[in-house]
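Chemist: Contents of coords_38.cif (mmCIF, C-alpha atoms) are given next:
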data_upload
loop_
_atom_site.label_atom_id
_atom_site.label_comp_id
_atom_site.auth_asym_id
_atom_site.auth_seq_id
_atom_site.Cartn_x
_atom_site.Cartn_y
_atom_site.Cartn_z
CA MET A 1 37.20 -11.37 -0.34
CA SER A 2 39.69 -8.56 -1.09
CA ASN A 3 38.39 -8.29 -4.66
CA ARG A 4 34.89 -7.99 -3.32
CA SER A 5 36.00 -5.39 -0.77
CA SER A 6 37.80 -3.34 -3.40
CA GLY A 7 34.81 -3.63 -5.69
CA LYS A 8 32.48 -2.46 -2.95
CA LYS A 9 34.90 0.29 -2.04
CA ASN A 10 35.10 1.58 -5.59
CA VAL A 11 31.34 1.63 -5.98
CA MET A 12 30.84 3.39 -2.65
CA GLU A 13 33.65 5.84 -3.42
CA GLU A 14 32.14 6.70 -6.76
CA TYR A 15 28.65 7.06 -5.32
CA LEU A 16 29.68 9.21 -2.38
CA SER A 17 31.91 11.31 -4.60
CA SER A 18 28.96 12.04 -6.83
CA LEU A 19 26.96 13.13 -3.80
CA LEU A 20 29.76 15.34 -2.51
CA THR A 21 30.21 17.08 -5.86
CA GLU A 22 27.97 20.14 -5.83
CA GLU A 23 28.78 22.03 -9.05
CA VAL A 24 27.18 19.73 -11.56
CA ALA A 25 24.68 20.54 -14.28
CA HIS A 26 21.12 20.06 -13.18
CA SER A 27 20.47 16.99 -15.25
CA GLU A 28 23.77 15.30 -14.43
CA PRO A 29 23.36 14.41 -10.77
CA LEU A 30 20.25 12.44 -11.46
CA GLU A 31 21.87 10.53 -14.30
CA GLN A 32 24.95 9.83 -12.24
CA VAL A 33 22.90 8.71 -9.32
CA SER A 34 20.77 6.56 -11.58
CA LYS A 35 23.82 4.87 -13.03
CA LEU A 36 25.22 4.25 -9.61
CA LEU A 37 21.92 3.00 -8.34
CA ASP A 38 21.81 0.49 -11.16
CA SER A 39 25.13 -0.97 -10.23
CA ALA A 40 25.26 -0.43 -6.52
CA SER A 41 23.88 -2.46 -3.74
CA VAL A 42 23.50 -1.74 -0.07
CA LEU A 43 26.96 -1.86 1.32
CA HIS A 44 28.09 -2.52 4.82
CA ILE A 45 31.69 -1.89 5.58
CA THR A 46 32.56 -3.54 8.83
CA GLU A 47 35.16 -2.07 11.08
CA ALA A 48 37.55 -4.88 10.19
CA GLU A 49 37.14 -4.27 6.48
CA GLN A 50 37.57 -0.51 6.89
CA GLN A 51 40.80 -1.02 8.78
CA LYS A 52 41.94 -3.43 6.11
CA LEU A 53 41.13 -0.93 3.37
CA SER A 54 42.92 1.84 5.19
CA ALA A 55 46.00 -0.34 5.50
CA GLN A 56 46.13 -0.94 1.77
CA PRO A 57 47.47 2.22 0.11
CA SER A 58 47.30 0.57 -3.31
CA ILE A 59 43.52 0.63 -3.16
CA ILE A 60 43.12 4.17 -1.93
CA ASP A 61 44.79 7.05 -3.72
CA PRO A 62 45.84 9.36 -0.90
CA ASP A 63 46.36 12.21 -3.35
CA SER A 64 42.80 12.17 -4.53
CA ILE A 65 40.82 15.06 -3.16
CA LYS A 66 37.64 13.11 -3.56
CA VAL A 67 39.04 10.28 -1.51
CA GLU A 68 40.01 12.71 1.21
CA GLN A 69 36.48 14.03 1.22
CA LEU A 70 35.28 10.46 1.32
CA LYS A 71 37.44 9.66 4.31
CA GLU A 72 36.16 12.72 6.13
CA ALA A 73 32.58 11.99 5.26
CA VAL A 74 32.54 8.29 6.11
CA GLU A 75 32.74 7.10 9.70
CA LEU A 76 32.14 3.62 10.86
CA VAL A 77 28.94 3.00 12.68
CA ASP A 78 28.20 -0.13 14.51
CA HIS A 79 25.57 -1.85 12.39
CA THR A 80 25.11 -4.84 14.63
CA GLN A 81 21.39 -4.25 14.71
CA SER A 82 21.02 -2.84 11.21
CA GLN A 83 19.18 -4.75 8.61
CA SER A 84 20.74 -5.11 5.19
CA LEU A 85 18.54 -5.02 2.15
CA THR A 86 20.65 -7.64 0.42
CA PRO A 87 22.28 -10.67 1.98
CA PRO A 88 25.87 -9.91 2.92
CA GLU A 89 27.20 -12.95 1.09
CA GLN A 90 26.08 -11.62 -2.29
CA SER A 91 28.88 -10.21 -4.40
CA VAL A 92 28.68 -6.79 -5.98
CA ASP A 93 28.44 -8.31 -9.45
CA SER A 94 25.52 -10.49 -8.56
CA ASP A 95 23.71 -7.52 -7.12
CA VAL A 96 23.64 -5.74 -10.46
CA GLU A 97 20.05 -5.94 -11.53
CA GLU A 98 19.50 -6.43 -15.23
CA ASP A 99 16.02 -7.81 -15.21
CA ASN A 100 12.96 -5.88 -16.15
CA ASP A 101 11.99 -4.63 -12.73
CA THR A 102 15.28 -2.64 -12.57
CA GLN A 103 15.26 -2.25 -8.84
CA HIS A 104 17.55 0.45 -7.60
CA GLU A 105 19.41 0.21 -4.33
CA VAL A 106 21.63 2.78 -2.80
CA GLY A 107 24.71 2.52 -0.69
CA ARG A 108 24.09 3.58 2.84
CA VAL A 109 25.62 6.87 3.88
CA THR A 110 27.14 6.18 7.22
CA LYS A 111 26.42 8.47 10.07
CA SER A 112 28.46 10.79 12.23
CA PRO A 113 27.76 11.45 15.90
CA GLU A 114 26.45 14.86 14.86
CA SER A 115 23.93 13.27 12.55
CA ASP A 116 22.83 10.93 15.33
CA ILE A 117 21.91 13.96 17.40
CA ALA A 118 20.28 15.54 14.37
CA GLN A 119 18.10 12.49 13.84
CA ASP A 120 16.74 12.74 17.35
CA THR A 121 16.02 16.45 17.21
CA GLY A 122 15.45 16.77 13.48
CA ILE A 123 17.81 19.76 13.41
CA TYR A 124 21.16 19.52 11.67
CA THR A 125 23.98 21.77 12.80
CA GLU A 126 26.43 20.53 10.20
CA PRO A 127 26.04 20.42 6.40
CA PHE A 128 24.00 17.43 5.39
CA GLN A 129 22.88 15.78 2.20
CA THR A 130 19.27 15.34 1.27
CA LEU A 131 17.22 13.56 -1.33
CA ILE A 132 14.46 15.61 -2.91
CA PHE A 133 11.51 13.71 -4.31
CA GLU A 134 8.08 14.60 -5.58
CA VAL A 135 4.61 13.17 -5.24
CA ALA A 136 1.32 14.67 -6.45
CA GLY A 137 3.00 18.02 -7.00
CA LEU A 138 4.46 18.06 -3.50
CA SER A 139 8.22 18.07 -3.01
CA LEU A 140 9.76 16.53 0.08
CA ALA A 141 13.33 16.35 1.30
CA LEU A 142 14.82 13.48 3.25
CA PRO A 143 18.28 13.40 4.88
CA LEU A 144 20.47 10.88 3.14
CA THR A 145 21.79 9.50 6.41
CA GLU A 146 18.28 8.27 7.10
CA LEU A 147 17.57 6.93 3.65
CA GLY A 148 17.16 3.19 3.79
CA GLY A 149 17.06 2.66 0.07
CA ILE A 150 15.21 3.43 -3.13
CA HIS A 151 13.25 0.73 -4.88
CA GLN A 152 11.27 0.61 -8.06
CA LEU A 153 7.65 0.38 -7.04
CA THR A 154 6.29 -2.97 -8.17
CA GLU A 155 3.26 -4.93 -7.15
CA VAL A 156 1.72 -3.76 -3.89
CA THR A 157 -0.64 -6.10 -2.09
CA PRO A 158 -3.32 -4.16 -0.24
CA ILE A 159 -4.37 -5.36 3.19
CA PHE A 160 -7.87 -4.66 4.36
CA GLY A 161 -8.61 -2.87 7.58
CA LYS A 162 -5.69 -0.49 7.22
CA PRO A 163 -5.79 3.31 6.96
CA SER A 164 -6.41 4.83 3.55
CA TRP A 165 -2.84 6.06 3.34
CA PHE A 166 -1.53 2.51 3.72
CA LYS A 167 -1.27 1.21 0.17
CA GLY A 168 -0.15 -2.27 1.17
CA VAL A 169 2.90 -4.46 1.28
CA MET A 170 5.49 -4.78 -1.46
CA LEU A 171 7.72 -7.82 -1.58
CA HIS A 172 11.35 -7.36 -2.52
CA ARG A 173 13.88 -10.16 -2.15
CA ASP A 174 12.04 -11.78 0.72
CA GLU A 175 11.67 -8.42 2.43
CA LYS A 176 8.25 -7.03 3.16
CA MET A 177 8.00 -3.30 2.74
CA ASN A 178 5.07 -1.25 3.96
CA VAL A 179 4.08 1.21 1.26
CA VAL A 180 2.73 4.59 2.26
CA ASP A 181 0.63 6.65 -0.09
CA THR A 182 2.66 9.77 0.59
CA ALA A 183 0.16 12.23 -0.84
CA MET A 184 -2.66 10.71 1.17
CA TRP A 185 -0.57 10.71 4.34
CA VAL A 186 0.76 14.23 4.08
CA MET A 187 -2.41 15.87 2.72
CA PRO A 188 -5.31 13.72 3.89
CA ASP A 189 -7.78 16.58 3.59
CA LYS A 190 -6.75 17.74 0.15
CA CYS A 191 -5.89 14.42 -1.38
CA ASN A 192 -8.93 12.45 -2.39
CA GLU A 193 -8.86 8.97 -3.82
CA LYS A 194 -9.06 10.27 -7.34
CA LEU A 195 -5.94 12.36 -6.91
CA ALA A 196 -4.16 9.56 -5.11
CA ASP A 197 -5.00 7.10 -7.88
CA SER A 198 -3.86 9.52 -10.55
CA ALA A 199 -0.41 9.86 -8.99
CA LYS A 200 1.96 7.72 -11.02
CA ASN A 201 4.15 6.50 -8.20
CA GLN A 202 7.29 4.86 -9.50
CA TYR A 203 9.65 4.63 -6.55
CA LEU A 204 9.61 3.63 -2.94
CA ILE A 205 11.77 5.73 -0.63
CA MET A 206 12.67 3.62 2.38
CA LEU A 207 12.81 5.26 5.78
CA ASP A 208 15.98 4.09 7.49
CA ASP A 209 15.72 0.44 8.58
CA SER A 210 12.08 0.67 9.55
CA GLY A 211 10.51 -1.30 6.71
CA TRP A 212 8.33 1.69 5.88
CA GLY A 213 8.60 3.33 2.47
CA LEU A 214 7.14 6.46 0.94
CA ALA A 215 5.77 6.07 -2.56
CA CYS A 216 6.86 8.85 -4.87
CA GLU A 217 6.42 9.84 -8.49
CA ARG A 218 9.87 11.05 -9.23
CA ILE A 219 13.22 11.67 -7.65
CA ILE A 220 14.30 15.22 -8.27
CA ASP A 221 17.76 15.72 -6.88
CA THR A 222 20.27 15.13 -4.15
CA ILE A 223 21.70 18.29 -2.65
CA THR A 224 23.89 19.29 0.23
CA LEU A 225 22.24 21.70 2.61
CA GLN A 226 23.77 24.02 5.10
CA PRO A 227 21.91 24.46 8.39
CA ASP A 228 21.06 28.00 7.30
CA ASP A 229 19.39 26.69 4.17
CA VAL A 230 16.55 25.33 6.28
CA LYS A 231 13.91 27.20 8.20
CA TRP A 232 13.84 24.92 11.22
CA ARG A 233 10.67 24.24 13.15
CA LYS A 234 10.49 24.17 16.89
CA PHE A 235 9.93 20.74 18.29
CA ASP A 236 6.66 21.70 19.92
CA GLY A 237 4.90 18.38 19.74
CA LYS A 238 2.94 19.39 16.66
CA ARG A 239 3.73 18.13 13.17
CA THR A 240 6.72 16.36 14.61
CA TRP A 241 7.32 14.65 11.26
CA LEU A 242 8.34 18.02 9.82
CA SER A 243 11.86 19.22 10.58
CA GLY A 244 11.53 22.43 8.61
CA MET A 245 11.36 23.98 5.15
CA VAL A 246 14.19 23.97 2.66
CA LYS A 247 14.26 27.61 1.61
CA LYS A 248 15.77 27.39 -1.84
CA LYS A 249 13.70 24.40 -2.87
CA MET A 250 10.55 25.42 -0.99
CA CYS A 251 9.97 21.89 0.12
CA ALA A 252 9.38 20.20 3.45
CA LEU A 253 12.27 18.49 5.21
CA VAL A 254 11.11 15.28 6.80
CA ASN A 255 12.01 14.23 10.33
CA VAL A 256 12.38 10.56 9.52
CA LYS A 257 12.53 9.27 13.07
CA GLN A 258 9.29 10.99 14.03
CA LEU A 259 7.65 9.99 10.77
CA ILE A 260 8.45 6.35 11.44
CA ARG A 261 7.00 6.67 14.91
CA LEU A 262 3.76 8.09 13.55
CA LEU A 263 3.48 5.44 10.86
CA GLN A 264 4.01 2.66 13.37
CA GLN A 265 1.24 4.12 15.46
CA GLY A 266 -1.08 4.28 12.48
CA MET A 267 -1.34 8.08 12.52
CA ASN A 268 -1.34 10.43 9.58
CA SER A 269 -0.06 13.98 9.42
CA ASN A 270 -3.30 15.35 10.85
CA ASP A 271 -3.11 13.16 13.89
CA ASN A 272 0.01 14.98 15.02
CA MET B 1 -2.33 -29.30 -4.66
CA SER B 2 0.22 -29.84 -1.93
CA ASP B 3 3.49 -28.05 -1.46
CA ASP B 4 6.47 -29.56 -3.21
CA ARG B 5 9.06 -28.20 -0.82
CA THR B 6 10.96 -30.74 1.18
CA LEU B 7 10.45 -30.18 4.86
CA SER B 8 13.62 -30.94 6.74
CA ASN B 9 13.70 -32.73 10.03
CA ALA B 10 16.74 -30.93 11.40
CA PRO B 11 16.70 -30.30 15.15
CA SER B 12 16.36 -26.55 14.59
CA ASP B 13 13.28 -27.16 12.48
CA ARG B 14 11.42 -29.40 14.87
CA ASN B 15 10.16 -26.46 16.87
CA ASP B 16 9.17 -24.61 13.72
CA GLU B 17 5.64 -25.91 13.39
CA VAL B 18 4.39 -26.52 9.89
CA LEU B 19 0.78 -25.66 9.25
CA GLN B 20 -1.39 -26.19 6.24
CA TRP B 21 -3.42 -23.34 4.90
CA VAL B 22 -6.25 -23.35 2.41
CA THR B 23 -5.80 -20.37 0.16
CA TYR B 24 -8.56 -18.50 -1.56
CA LYS B 25 -8.89 -15.36 -3.60
CA LEU B 26 -10.83 -12.19 -3.02
CA GLY B 27 -10.14 -9.97 -5.98
CA GLU B 28 -6.42 -9.93 -6.65
CA GLU B 29 -5.38 -10.80 -3.09
CA THR B 30 -4.79 -14.27 -1.76
CA TYR B 31 -5.87 -15.24 1.71
CA GLY B 32 -5.24 -18.31 3.78
CA ILE B 33 -7.20 -20.09 6.47
CA ASN B 34 -6.09 -22.93 8.70
CA VAL B 35 -6.90 -26.24 7.01
CA MET B 36 -7.93 -27.75 10.32
CA GLN B 37 -10.92 -25.43 10.35
CA VAL B 38 -12.03 -26.21 6.82
CA GLN B 39 -14.63 -28.92 6.48
CA GLU B 40 -15.31 -28.76 2.80
CA VAL B 41 -15.51 -26.55 -0.24
CA LEU B 42 -18.72 -26.26 -2.21
CA ARG B 43 -19.57 -24.80 -5.54
CA HIS B 44 -21.77 -21.77 -5.29
CA THR B 45 -25.32 -22.82 -4.72
CA GLU B 46 -28.54 -21.03 -4.16
CA ILE B 47 -28.41 -19.03 -0.96
CA ALA B 48 -31.71 -18.26 0.67
CA PRO B 49 -31.71 -14.75 2.16
CA VAL B 50 -32.79 -14.36 5.74
CA PRO B 51 -34.78 -11.22 6.52
CA GLY B 52 -33.41 -9.23 9.40
CA ALA B 53 -30.03 -10.93 9.31
CA PRO B 54 -26.87 -8.83 9.73
CA GLU B 55 -25.55 -7.26 6.53
CA TYR B 56 -22.56 -9.60 6.37
CA VAL B 57 -24.87 -12.64 6.27
CA LEU B 58 -25.81 -13.59 2.73
CA GLY B 59 -28.31 -16.19 3.80
CA ILE B 60 -28.54 -19.91 4.45
CA ILE B 61 -27.97 -23.08 2.45
CA ASN B 62 -29.09 -26.66 2.89
CA LEU B 63 -26.06 -28.87 3.40
CA ARG B 64 -27.17 -32.48 3.52
CA GLY B 65 -30.13 -31.63 5.63
CA ASN B 66 -28.30 -29.11 7.80
CA VAL B 67 -28.87 -25.38 7.66
CA VAL B 68 -25.62 -23.53 7.24
CA THR B 69 -25.34 -19.75 7.38
CA VAL B 70 -23.24 -18.19 4.64
CA ILE B 71 -21.19 -15.09 5.39
CA ASP B 72 -20.20 -12.52 2.80
CA THR B 73 -16.42 -12.40 3.29
CA ARG B 74 -16.02 -9.27 1.20
CA SER B 75 -18.52 -7.42 3.31
CA ARG B 76 -16.86 -8.69 6.45
CA PHE B 77 -13.46 -7.54 5.30
CA GLY B 78 -14.73 -4.19 4.13
CA LEU B 79 -14.15 -4.94 0.47
CA GLU B 80 -16.30 -3.91 -2.44
CA PRO B 81 -18.83 -6.50 -3.62
CA THR B 82 -18.31 -8.32 -6.87
CA ASP B 83 -20.26 -10.50 -9.25
CA LEU B 84 -20.49 -14.24 -8.91
CA THR B 85 -18.49 -16.35 -11.33
CA ASP B 86 -18.03 -20.03 -12.06
CA ASN B 87 -15.08 -19.98 -9.69
CA THR B 88 -17.05 -18.67 -6.75
CA ARG B 89 -17.01 -21.11 -3.87
CA ILE B 90 -18.51 -21.55 -0.42
CA VAL B 91 -15.94 -22.73 2.09
CA ILE B 92 -17.53 -24.53 5.00
CA ILE B 93 -15.58 -23.79 8.15
CA GLU B 94 -15.89 -24.73 11.77
CA SER B 95 -15.10 -22.35 14.57
CA ASP B 96 -15.99 -22.78 18.23
CA GLU B 97 -18.13 -25.78 17.32
CA GLN B 98 -20.18 -23.70 14.94
CA VAL B 99 -20.31 -24.42 11.25
CA VAL B 100 -20.68 -21.55 8.79
CA GLY B 101 -19.93 -20.99 5.14
CA ILE B 102 -17.85 -18.18 3.75
CA LEU B 103 -18.28 -17.00 0.18
CA VAL B 104 -15.02 -16.51 -1.70
CA ASP B 105 -14.12 -15.60 -5.28
CA SER B 106 -12.17 -18.79 -5.79
CA VAL B 107 -10.23 -21.40 -3.89
CA ALA B 108 -6.59 -21.82 -4.89
CA GLU B 109 -4.53 -24.48 -3.18
CA VAL B 110 -3.35 -25.89 0.11
CA VAL B 111 0.05 -24.60 1.14
CA TYR B 112 2.49 -25.56 3.87
CA LEU B 113 3.91 -22.77 5.94
CA ARG B 114 6.33 -22.90 8.82
CA SER B 115 5.66 -20.68 11.81
CA SER B 116 8.91 -18.90 11.04
CA GLU B 117 7.61 -18.00 7.61
CA ILE B 118 4.67 -16.13 9.02
CA ASP B 119 5.16 -12.49 9.91
CA SER B 120 2.83 -10.23 11.75
CA ALA B 121 0.82 -7.81 9.67
CA PRO B 122 1.68 -4.11 9.92
CA ASN B 123 0.33 -3.00 13.24
CA VAL B 124 -1.65 -0.07 11.97
CA GLY B 125 -5.32 0.40 11.41
CA THR B 126 -8.13 0.82 13.87
CA GLU B 127 -10.83 -0.52 11.63
CA GLU B 128 -12.66 -3.57 12.87
CA SER B 129 -11.62 -5.63 9.90
CA ALA B 130 -7.95 -5.28 10.82
CA LYS B 131 -8.38 -7.79 13.64
CA PHE B 132 -9.12 -10.61 11.20
CA ILE B 133 -5.55 -10.77 9.99
CA GLN B 134 -3.41 -13.31 11.77
CA GLY B 135 -0.29 -12.66 9.78
CA VAL B 136 1.29 -12.47 6.35
CA SER B 137 3.68 -14.68 4.47
CA ASN B 138 5.76 -14.39 1.34
CA ARG B 139 4.77 -17.25 -0.91
CA ASP B 140 6.62 -17.48 -4.24
CA GLY B 141 6.82 -13.73 -4.54
CA GLU B 142 3.20 -13.27 -3.62
CA LEU B 143 1.92 -11.99 -0.31
CA LEU B 144 -0.37 -14.40 1.45
CA ILE B 145 -2.68 -12.84 4.02
CA LEU B 146 -3.57 -15.28 6.77
CA VAL B 147 -6.99 -14.90 8.30
CA ASP B 148 -7.87 -15.71 11.88
CA LEU B 149 -11.23 -17.42 11.57
CA ASN B 150 -11.82 -17.31 15.29
CA LYS B 151 -11.99 -13.55 15.04
CA LEU B 152 -14.22 -13.54 12.01
CA LEU B 153 -17.14 -13.00 14.32
CA SER B 154 -17.40 -11.80 17.89
CA ASP B 155 -18.96 -13.97 20.57
CA GLU B 156 -22.15 -11.97 20.27
CA GLU B 157 -22.19 -12.35 16.52
CA TRP B 158 -21.61 -16.08 16.73
CA GLU B 159 -24.49 -16.22 19.16
CA GLU B 160 -26.62 -14.23 16.77
CA LEU B 161 -25.93 -16.69 13.97
CA THR B 162 -27.31 -19.56 15.98
CA ASN B 163 -30.64 -17.78 16.03
CA ILE B 164 -30.84 -17.36 12.27
#
Could you write out this file's structure as structure tokens?

Modeler:
Amino acid sequence: MSNRSSGKKNVMEEYLSSLLTEEVAHSEPLEQVSKLLDSASVLHITEAEQQKLSAQPSIIDPDSIKVEQLKEAVELVDHTQSQSLTPPEQSVDSDVEEDNDTQHEVGRVTKSPESDIAQDTGIYTEPFQTLIFEVAGLSLALPLTELGGIHQLTEVTPIFGKPSWFKGVMLHRDEKMNVVDTAMWVMPDKCNEKLADSAKNQYLIMLDDSGWGLACERIIDTITLQPDDVKWRKFDGKRTWLSGMVKKKMCALVNVKQLIRLLQQGMNSNDN
Amino acid sequence: MSDDRTLSNAPSDRNDEVLQWVTYKLGEETYGINVMQVQEVLRHTEIAPVPGAPEYVLGIINLRGNVVTVIDTRSRFGLEPTDLTDNTRIVIIESDEQVVGILVDSVAEVVYLRSSEIDSAPNVGTEESAKFIQGVSNRDGELLILVDLNKLLSDEEWEELTNI
């Protein structure tokens, strides 16, 4: 149990450290994240385990700056109702995927009270990390605290009678994931079927614990944004799925909570 | 043809009803219908068109002296039409004491599913065809879409079929 905890801790520490490190060459973050994604699984650190880890100085190097940043960045959240993407009893080693589908999973970034407020309003008042991804020439940003996971897009089973932006259901380890044709959802007027079909979607970006995922062509980067880096939108009831525009990347920042709400109601971006 | 999985008789499982589903293919997707509603499966036979019939009605067949209306499942589900093959079958089903045939690309197997293994389909979609889906199930890494035959036709449409 302790070996598993230390293993999980090391993986999470390494992953979060890579996210917290800003001054890295452009191509490096993606490679680092890719390597971590290959070996990481969704991790849940219970309060008991966190206390246990904290009480074991041999595991944590208190002199490490990165660890200090990690301690500041990670706060326990009660995940009693959260859904894990992998069964808790699986060890870290067994979660390493070596088979051909090379499914990537990411450790969950736990949330602070400030980020809870940000999720409701879509406006962050503290620095926050985002994942930038691209589909059909459109770049979107998604706060990491609301990222449920990243999966390799495999076989998607279409279901008739659903909106055109609903690609179908993808099965992953007994989980059913609803796949959204992101281009079709965001740009229903501009994106015809030909364009949608030509998009070579490779990944599925999961929205929190909702079971909804956005299909994307490529993952561009993970960056830390300051509140001033975003041109925030007013929450005026229109385009509620859009939190604002990331100025330096010129991409839309998604309000995940509102997006999930719209998807569950069967609405596309034009419907709101 | 039947499921090889051992069905336990543990107390917690007794309330988890096991149902049999006849699975069939339309294109690449696999669908299931309740076996209790399936009377028989026929090879594709000549279907006589009926002028003035709804577009989802392919026509009628003679089944041992009885006239049975055959419904185009693809049309009903809003799917693109396809050519007939040697695997094409007509599944004779009974719903509300009415017997109709549904044309499918092929019939696969009979599977056993517990109620707990059936999930609701994503609750999106306002198209009429969305109402046909009773649920979905993960079957050996493949998604099985379960069809509610009772909703295949409305009461008015069932009534209309009797007049064909």

Chemist: Can you pull out every residue within 7 Å of range 99-113 of chain B, counting all atoms listed in the file, but drop anything in the same chain fewer than 3 positions away, and send it as a list in words?

Modeler: Met1, Ser2, Asp3, Val18, Leu19, Gln20, Trp21, Val22, Thr23, Tyr24, Lys25, Leu26, Gly27, Val68, Thr69, Val70, Ile71, Asp72, Thr73, Asn87, Thr88, Arg89, Ile90, Val91, Ile92, Ile93, Glu94, Ser95 and Glu117 of chain B

Chemist: Could you write out as a ChimeraX atom specification the residues of chain B within 10 Å of chain A, counting only C-alpha atoms?

Modeler: /B:28-30,74,77-79,119,121-133,136-145

Chemist: Quick one: pull the distance between CA of Ile150 in chain A and CA of Ile205 in chain A, Å, one decimal.

Modeler: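 Value for the CA of Ile150 in chain A-CA of Ile205 in chain A distance: 4.8 Å.
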
Chemist: Do you have the CA of Gly148 in chain A-CA of Phe133 in chain A distance handy?

Modeler: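 CA of Phe133 in chain A lies at a distance of 14.4 Å from CA of Gly148 in chain A.
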
Chemist: Give me the residues near Leu152 in chain B as number ranges by chain, where near means some atom within 8 Å (using all atoms listed in the file) and where sequence neighbours in that chain fewer than 2 positions away do not count.

Modeler: B: 76, 132, 148-150, 154

Chemist: Interatomic distance between CA of Ile219 in chain A and CA of Glu134 in chain A?

Modeler: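 The value is 6.3 Å.
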
Chemist: Identify which of the residues A:Thr222, A:Gln129, A:Thr145, A:Asn270 lies closest to Met184 in chain A, counting all atoms listed in the file when measuring atom-to-atom distances.

Modeler: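 Distance minimum relative to Met184 in chain A lands on A:Asn270.
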
Chemist: Using all atoms listed in the file, find the one residue out of A:Asp229, A:Glu146, A:Asp189, A:Asp221 that sits nearest to Met206 in chain A.

Modeler: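 Nearest to Met206 in chain A: A:Glu146.
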
Chemist: Could you list, as a VMD selection string, every residue matched by the PyMOL selection byres ((chain A and resi 223) around 8) in this structure?

Modeler: chain A and resid 19 22 129 to 132 221 to 222 224 to 225

Chemist: Please produce range 108-120 of chain B, completed to N, CA and C atoms, as an mmCIF file, in the coordinates of the input.

Modeler:
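Saved as out.cif:
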data_model
loop_
_atom_site.group_PDB
_atom_site.id
_atom_site.type_symbol
_atom_site.label_atom_id
_atom_site.label_comp_id
_atom_site.auth_asym_id
_atom_site.auth_seq_id
_atom_site.Cartn_x
_atom_site.Cartn_y
_atom_site.Cartn_z
ATOM 1 N N ALA B 108 -7.827 -21.567 -4.134
ATOM 2 C CA ALA B 108 -6.590 -21.820 -4.890
ATOM 3 C C ALA B 108 -6.000 -23.173 -4.537
ATOM 4 N N GLU B 109 -5.224 -23.235 -3.495
ATOM 5 C CA GLU B 109 -4.530 -24.480 -3.180
ATOM 6 C C GLU B 109 -4.303 -24.574 -1.678
ATOM 7 N N VAL B 110 -3.758 -25.711 -1.281
ATOM 8 C CA VAL B 110 -3.350 -25.890 0.110
ATOM 9 C C VAL B 110 -1.837 -25.710 0.166
ATOM 10 N N VAL B 111 -1.388 -24.870 1.033
ATOM 11 C CA VAL B 111 0.050 -24.600 1.140
ATOM 12 C C VAL B 111 0.536 -24.964 2.529
ATOM 13 N N TYR B 112 1.833 -25.282 2.589
ATOM 14 C CA TYR B 112 2.490 -25.560 3.870
ATOM 15 C C TYR B 112 3.311 -24.344 4.257
ATOM 16 N N LEU B 113 3.122 -23.901 5.442
ATOM 17 C CA LEU B 113 3.910 -22.770 5.940
ATOM 18 C C LEU B 113 4.472 -23.097 7.316
ATOM 19 N N ARG B 114 5.747 -22.780 7.486
ATOM 20 C CA ARG B 114 6.330 -22.900 8.820
ATOM 21 C C ARG B 114 5.948 -21.651 9.632
ATOM 22 N N SER B 115 5.963 -21.827 10.931
ATOM 23 C CA SER B 115 5.660 -20.680 11.810
ATOM 24 C C SER B 115 6.646 -19.545 11.555
ATOM 25 N N SER B 116 7.886 -19.927 11.250
ATOM 26 C CA SER B 116 8.910 -18.900 11.040
ATOM 27 C C SER B 116 8.683 -18.126 9.743
ATOM 28 N N GLU B 117 7.865 -18.677 8.875
ATOM 29 C CA GLU B 117 7.610 -18.000 7.610
ATOM 30 C C GLU B 117 6.442 -17.024 7.704
ATOM 31 N N ILE B 118 5.835 -16.985 8.842
ATOM 32 C CA ILE B 118 4.670 -16.130 9.020
ATOM 33 C C ILE B 118 5.096 -14.899 9.806
ATOM 34 N N ASP B 119 4.847 -13.747 9.230
ATOM 35 C CA ASP B 119 5.160 -12.490 9.910
ATOM 36 C C ASP B 119 3.874 -11.816 10.343
ATOM 37 N N SER B 120 4.013 -10.965 11.323
ATOM 38 C CA SER B 120 2.830 -10.230 11.750
ATOM 39 C C SER B 120 2.501 -9.162 10.722
#
